[in-house]
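Here is structure_11.pdb, consisting of PDB, C-alpha atoms, pLDDT in the B column:
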```pdb
MODEL        1
ATOM      1  CA  MET A  26    -142.323 -20.123  33.601  1.00 58.00           C
ATOM      2  CA  GLN A  27    -144.625 -19.104  30.766  1.00 63.00           C
ATOM      3  CA  VAL A  28    -142.784 -15.733  30.456  1.00 60.00           C
ATOM      4  CA  ARG A  29    -139.467 -17.529  29.996  1.00 68.00           C
ATOM      5  CA  ALA A  30    -140.886 -19.759  27.277  1.00 64.00           C
ATOM      6  CA  GLU A  31    -142.369 -16.716  25.520  1.00 74.00           C
ATOM      7  CA  THR A  32    -139.092 -14.800  25.777  1.00 79.00           C
ATOM      8  CA  SER A  33    -137.167 -17.829  24.512  1.00 82.00           C
ATOM      9  CA  GLY A  34    -139.542 -18.114  21.560  1.00 81.00           C
ATOM     10  CA  GLN A  35    -139.018 -14.439  20.706  1.00 85.00           C
ATOM     11  CA  THR A  36    -135.238 -14.850  20.991  1.00 88.00           C
ATOM     12  CA  ILE A  37    -135.283 -17.848  18.688  1.00 89.00           C
ATOM     13  CA  GLU A  38    -137.439 -15.908  16.204  1.00 88.00           C
ATOM     14  CA  GLN A  39    -134.974 -12.970  16.249  1.00 90.00           C
ATOM     15  CA  ILE A  40    -132.037 -15.327  15.695  1.00 90.00           C
ATOM     16  CA  ARG A  41    -133.879 -16.907  12.745  1.00 89.00           C
ATOM     17  CA  ARG A  42    -134.577 -13.470  11.201  1.00 90.00           C
ATOM     18  CA  ARG A  43    -130.948 -12.417  11.577  1.00 90.00           C
ATOM     19  CA  GLY A  44    -129.879 -15.635   9.871  1.00 89.00           C
ATOM     20  CA  GLU A  45    -132.259 -14.998   6.976  1.00 90.00           C
ATOM     21  CA  THR A  46    -130.964 -11.444   6.626  1.00 88.00           C
ATOM     22  CA  CYS A  47    -127.367 -12.690   6.558  1.00 85.00           C
ATOM     23  CA  ASN A  48    -128.236 -15.323   3.946  1.00 88.00           C
ATOM     24  CA  GLU A  49    -129.974 -12.716   1.772  1.00 88.00           C
ATOM     25  CA  THR A  50    -127.161 -10.157   1.900  1.00 89.00           C
ATOM     26  CA  MET A  51    -124.214 -12.543   1.659  1.00 90.00           C
ATOM     27  CA  PRO A  52    -124.209 -12.749  -2.183  1.00 90.00           C
ATOM     28  CA  ASP A  53    -124.379  -8.933  -2.485  1.00 89.00           C
ATOM     29  CA  ILE A  54    -121.538  -8.447  -0.031  1.00 89.00           C
ATOM     30  CA  ALA A  55    -119.441 -11.110  -1.745  1.00 90.00           C
ATOM     31  CA  GLY A  56    -120.092  -9.447  -5.120  1.00 90.00           C
ATOM     32  CA  MET A  57    -119.023  -6.037  -3.785  1.00 91.00           C
ATOM     33  CA  ARG A  58    -115.895  -7.524  -2.230  1.00 92.00           C
ATOM     34  CA  ASP A  59    -115.072  -9.294  -5.481  1.00 93.00           C
ATOM     35  CA  GLU A  60    -115.644  -6.153  -7.552  1.00 91.00           C
ATOM     36  CA  THR A  61    -113.481  -4.086  -5.211  1.00 92.00           C
ATOM     37  CA  TRP A  62    -110.707  -6.685  -5.451  1.00 93.00           C
ATOM     38  CA  ARG A  63    -110.932  -6.738  -9.279  1.00 93.00           C
ATOM     39  CA  TYR A  64    -110.847  -2.942  -9.429  1.00 92.00           C
ATOM     40  CA  GLY A  65    -107.779  -2.819  -7.157  1.00 92.00           C
ATOM     41  CA  ARG A  66    -106.054  -5.524  -9.180  1.00 93.00           C
ATOM     42  CA  ALA A  67    -106.744  -3.689 -12.455  1.00 92.00           C
ATOM     43  CA  ARG A  68    -105.373  -0.458 -10.927  1.00 92.00           C
ATOM     44  CA  GLN A  69    -102.203  -2.247  -9.799  1.00 93.00           C
ATOM     45  CA  ASP A  70    -101.807  -3.766 -13.269  1.00 92.00           C
ATOM     46  CA  ARG A  71    -102.148  -0.337 -14.928  1.00 88.00           C
ATOM     47  CA  MET A  72     -99.603   1.175 -12.543  1.00 90.00           C
ATOM     48  CA  HIS A  73     -97.185  -1.704 -13.150  1.00 91.00           C
ATOM     49  CA  LYS A  74     -97.546  -1.376 -16.931  1.00 87.00           C
ATOM     50  CA  ALA A  75     -96.913   2.391 -16.704  1.00 83.00           C
ATOM     51  CA  ASN A  76     -93.799   1.820 -14.564  1.00 86.00           C
ATOM     52  CA  VAL A  77     -92.454  -0.807 -16.955  1.00 87.00           C
ATOM     53  CA  ARG A  78     -93.056   1.508 -19.930  1.00 82.00           C
ATOM     54  CA  THR A  79     -91.269   4.327 -18.099  1.00 83.00           C
ATOM     55  CA  ASN A  80     -88.292   2.096 -17.343  1.00 84.00           C
ATOM     56  CA  ARG A  81     -88.164   0.879 -20.931  1.00 82.00           C
ATOM     57  CA  GLU A  82     -88.698   4.455 -22.222  1.00 84.00           C
ATOM     58  CA  VAL A  83     -91.591   3.500 -24.492  1.00 83.00           C
ATOM     59  CA  GLN A  84     -95.077   4.866 -24.990  1.00 81.00           C
ATOM     60  CA  GLY A  85     -98.215   3.058 -26.104  1.00 80.00           C
ATOM     61  CA  TRP A  86     -99.727   4.081 -29.449  1.00 79.00           C
ATOM     62  CA  ARG A  87    -102.955   2.862 -31.023  1.00 79.00           C
ATOM     63  CA  ASP A  88    -102.241   0.819 -34.125  1.00 77.00           C
ATOM     64  CA  PRO A  89    -104.282   2.555 -36.869  1.00 74.00           C
ATOM     65  CA  ARG A  90    -104.729  -0.657 -38.823  1.00 75.00           C
ATOM     66  CA  GLY A  91    -105.043  -3.393 -36.232  1.00 75.00           C
ATOM     67  CA  GLY A  92    -106.610  -1.311 -33.447  1.00 75.00           C
ATOM     68  CA  GLY A  93    -104.289  -2.735 -30.798  1.00 80.00           C
ATOM     69  CA  VAL A  94    -101.538  -0.958 -28.893  1.00 81.00           C
ATOM     70  CA  VAL A  95     -97.956  -0.847 -30.110  1.00 82.00           C
ATOM     71  CA  GLU A  96     -95.078   0.381 -27.943  1.00 83.00           C
ATOM     72  CA  LEU A  97     -92.702   2.869 -29.548  1.00 83.00           C
ATOM     73  CA  PRO A  98     -89.811   4.901 -28.099  1.00 84.00           C
ATOM     74  CA  GLN A  99     -91.143   7.871 -26.152  1.00 80.00           C
ATOM     75  CA  TYR A 100     -88.579  10.430 -27.257  1.00 80.00           C
ATOM     76  CA  CYS A 101     -90.505  11.412 -30.439  1.00 80.00           C
ATOM     77  CA  GLN A 102     -93.761  13.344 -30.526  1.00 82.00           C
ATOM     78  CA  HIS A 103     -95.106  11.922 -33.809  1.00 84.00           C
ATOM     79  CA  ALA A 104     -95.213   8.449 -35.296  1.00 85.00           C
ATOM     80  CA  TRP A 105     -96.428   7.146 -38.639  1.00 86.00           C
ATOM     81  CA  GLN A 106     -97.224   3.571 -39.607  1.00 87.00           C
ATOM     82  CA  LEU A 107     -96.292   2.951 -43.232  1.00 88.00           C
ATOM     83  CA  ARG A 108     -98.038   0.614 -45.669  1.00 85.00           C
ATOM     84  CA  ASP A 109     -95.441  -2.089 -45.075  1.00 85.00           C
ATOM     85  CA  GLY A 110     -96.205  -2.057 -41.316  1.00 83.00           C
ATOM     86  CA  SER A 111     -93.012  -0.276 -40.268  1.00 86.00           C
ATOM     87  CA  TYR A 112     -93.027   2.911 -38.202  1.00 87.00           C
ATOM     88  CA  VAL A 113     -91.359   6.279 -38.749  1.00 88.00           C
ATOM     89  CA  LEU A 114     -90.768   8.412 -35.633  1.00 87.00           C
ATOM     90  CA  THR A 115     -90.284  12.169 -35.839  1.00 87.00           C
ATOM     91  CA  ASP A 116     -90.554  15.400 -33.888  1.00 85.00           C
ATOM     92  CA  ASP A 117     -91.621  17.302 -37.012  1.00 87.00           C
ATOM     93  CA  PRO A 118     -95.366  18.063 -36.766  1.00 86.00           C
ATOM     94  CA  ASN A 119     -95.450  18.814 -40.541  1.00 89.00           C
ATOM     95  CA  PHE A 120     -93.967  15.465 -41.594  1.00 89.00           C
ATOM     96  CA  ASP A 121     -96.024  13.687 -44.246  1.00 88.00           C
ATOM     97  CA  PRO A 122     -94.648  10.285 -45.276  1.00 89.00           C
ATOM     98  CA  GLY A 123     -96.375  10.406 -48.668  1.00 87.00           C
ATOM     99  CA  ARG A 124     -94.739  13.731 -49.485  1.00 90.00           C
ATOM    100  CA  ASP A 125     -91.430  13.348 -47.652  1.00 89.00           C
ATOM    101  CA  ILE A 126     -90.453   9.727 -48.313  1.00 88.00           C
ATOM    102  CA  GLY A 127     -92.888   8.709 -51.057  1.00 89.00           C
ATOM    103  CA  MET A 128     -94.799   6.108 -49.037  1.00 88.00           C
ATOM    104  CA  ALA A 129     -98.316   6.503 -47.662  1.00 86.00           C
ATOM    105  CA  GLY A 130     -98.864   6.047 -43.975  1.00 87.00           C
ATOM    106  CA  LYS A 131    -101.274   6.622 -41.118  1.00 85.00           C
ATOM    107  CA  GLU A 132    -100.523   8.515 -37.939  1.00 81.00           C
ATOM    108  CA  PRO A 133    -101.453   6.467 -34.859  1.00 78.00           C
ATOM    109  CA  ARG A 134    -102.815   8.221 -31.789  1.00 73.00           C
ATOM    110  CA  ALA A 135    -101.006   8.108 -28.493  1.00 68.00           C
ATOM    111  CA  HIS A 136    -102.649   5.423 -26.383  1.00 61.00           C
ATOM    112  CA  ALA A 137    -104.863   7.258 -23.905  1.00 55.00           C
ATOM    113  CA  ARG A 138    -104.805   6.237 -20.282  1.00 55.00           C
ATOM    114  CA  PRO A 139    -108.098   6.496 -18.389  1.00 51.00           C
ATOM    115  CA  SER A 140    -108.644  10.054 -17.234  1.00 53.00           C
ATOM    116  CA  ALA A 141    -108.479  10.944 -13.555  1.00 58.00           C
ATOM    117  CA  ARG A 142    -112.182  11.757 -13.781  1.00 61.00           C
ATOM    118  CA  ALA A 143    -113.021   8.283 -15.123  1.00 58.00           C
ATOM    119  CA  LEU A 144    -110.958   6.637 -12.370  1.00 56.00           C
ATOM    120  CA  ARG A 145    -112.692   8.738  -9.673  1.00 61.00           C
ATOM    121  CA  ALA A 146    -116.099   7.824 -11.127  1.00 62.00           C
ATOM    122  CA  ALA A 147    -115.210   4.120 -11.026  1.00 59.00           C
ATOM    123  CA  ARG A 148    -114.067   4.381  -7.388  1.00 58.00           C
ATOM    124  CA  TYR A 149    -117.237   6.308  -6.509  1.00 57.00           C
ATOM    125  CA  SER A 150    -119.497   3.649  -8.042  1.00 58.00           C
ATOM    126  CA  VAL A 151    -117.687   0.911  -6.080  1.00 53.00           C
ATOM    127  CA  ARG A 152    -118.194   2.915  -2.854  1.00 56.00           C
ATOM    128  CA  LEU A 153    -121.888   3.425  -3.704  1.00 54.00           C
ATOM    129  CA  ARG A 154    -122.368  -0.290  -4.236  1.00 55.00           C
ATOM    130  CA  ALA A 155    -120.564  -1.032  -0.981  1.00 56.00           C
ATOM    131  CA  SER A 156    -122.832   1.348   0.897  1.00 59.00           C
ATOM    132  CA  GLY A 157    -125.959  -0.124  -0.689  1.00 58.00           C
ATOM    133  CA  GLY A 158    -126.621   2.942  -2.861  1.00 54.00           C
ATOM    134  CA  LEU A 159    -126.427   0.894  -6.065  1.00 47.00           C
ATOM    135  CA  ARG A 160    -127.031  -2.759  -6.714  1.00 47.00           C
ATOM    136  CA  ALA A 161    -124.362  -4.831  -8.417  1.00 43.00           C
ATOM    137  CA  LYS A 162    -125.587  -6.391 -11.647  1.00 42.00           C
TER     138      LYS A 162
ENDMDL
END
```
Once you've parsed the file, please lay out its structure as structure tokens.
Amino acid sequence: MQVRAETSGQTIEQIRRRGETCNETMPDIAGMRDETWRYGRARQDRMHKANVRTNREVQGWRDPRGGGVVELPQYCQHAWQLRDGSYVLTDDPNFDPGRDIGMAGKEPRAHARPSARALRAARYSVRLRASGGLRAK
């Protein structure tokens, strides 16, 4: 009878410890799940935006003045934003709006998508956090 009571006490203690462990790890697991969901959602959003741009035949360019992204037709290799805010599109790499049309302008850069390396690094860090290798902040 005493052995049963002792065994029951040990069982109850083990159940209590497991409960504490679950309570301690639950926020970390929820954070990892949430981060994984956000990463997947952001990836789907990027893919959707790329598909829409492809269908509309536009390309994102960094606005040299405002810093945002402006969408211009993708059939030209070079674009210039003029002082008045309008854009000139050309395939001529030697085009200079100040020289050729008498109006100063800035050449925006093509909007860079995240590199494959950066995307792999982001996926790797999510996997590390999920495996307990890194702690979510």
So, counting only C-alpha atoms, which residue among A:Asp109, A:Pro133, A:Gln69, A:Thr50 is closest to Val95 of chain A?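 With only C-alpha atoms as the atom set, the closest residue is A:Pro133.
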Listed atoms of segment 58-64 of chain A boxed along x, y and z, 8 Å each side, centre and edge lengths in Å, one decimal, as AutoDock Vina command-line options:
```
--center_x -113.3 --center_y -6.1 --center_z -5.8 --size_x 21.2 --size_y 22.4 --size_z 23.2
```
So the first atom is atom CA of Cys101 of chain A and the second is atom CA of Thr115 of chain A; what is the distance between them in Å, to one decimal place?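 It comes out at 5.5 Å.
Between atom CA of Gly85 of chain A and atom CA of Gly110 of chain A lies a distance of 16.2 Å.
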Could you tell me which residues the PyMOL selection byres ((chain A and resi 111) around 12) grabs in this file, written as JSON, numbers by chain? {"A": [88, 90, 95, 97, 104, 105, 106, 107, 108, 109, 110, 112, 113, 114, 122, 128, 129, 130, 131, 132]}
Atom CA of Ala55 of chain A to atom CA of Arg68 of chain A, distance in Å rounded to a single decimal: 19.9 Å
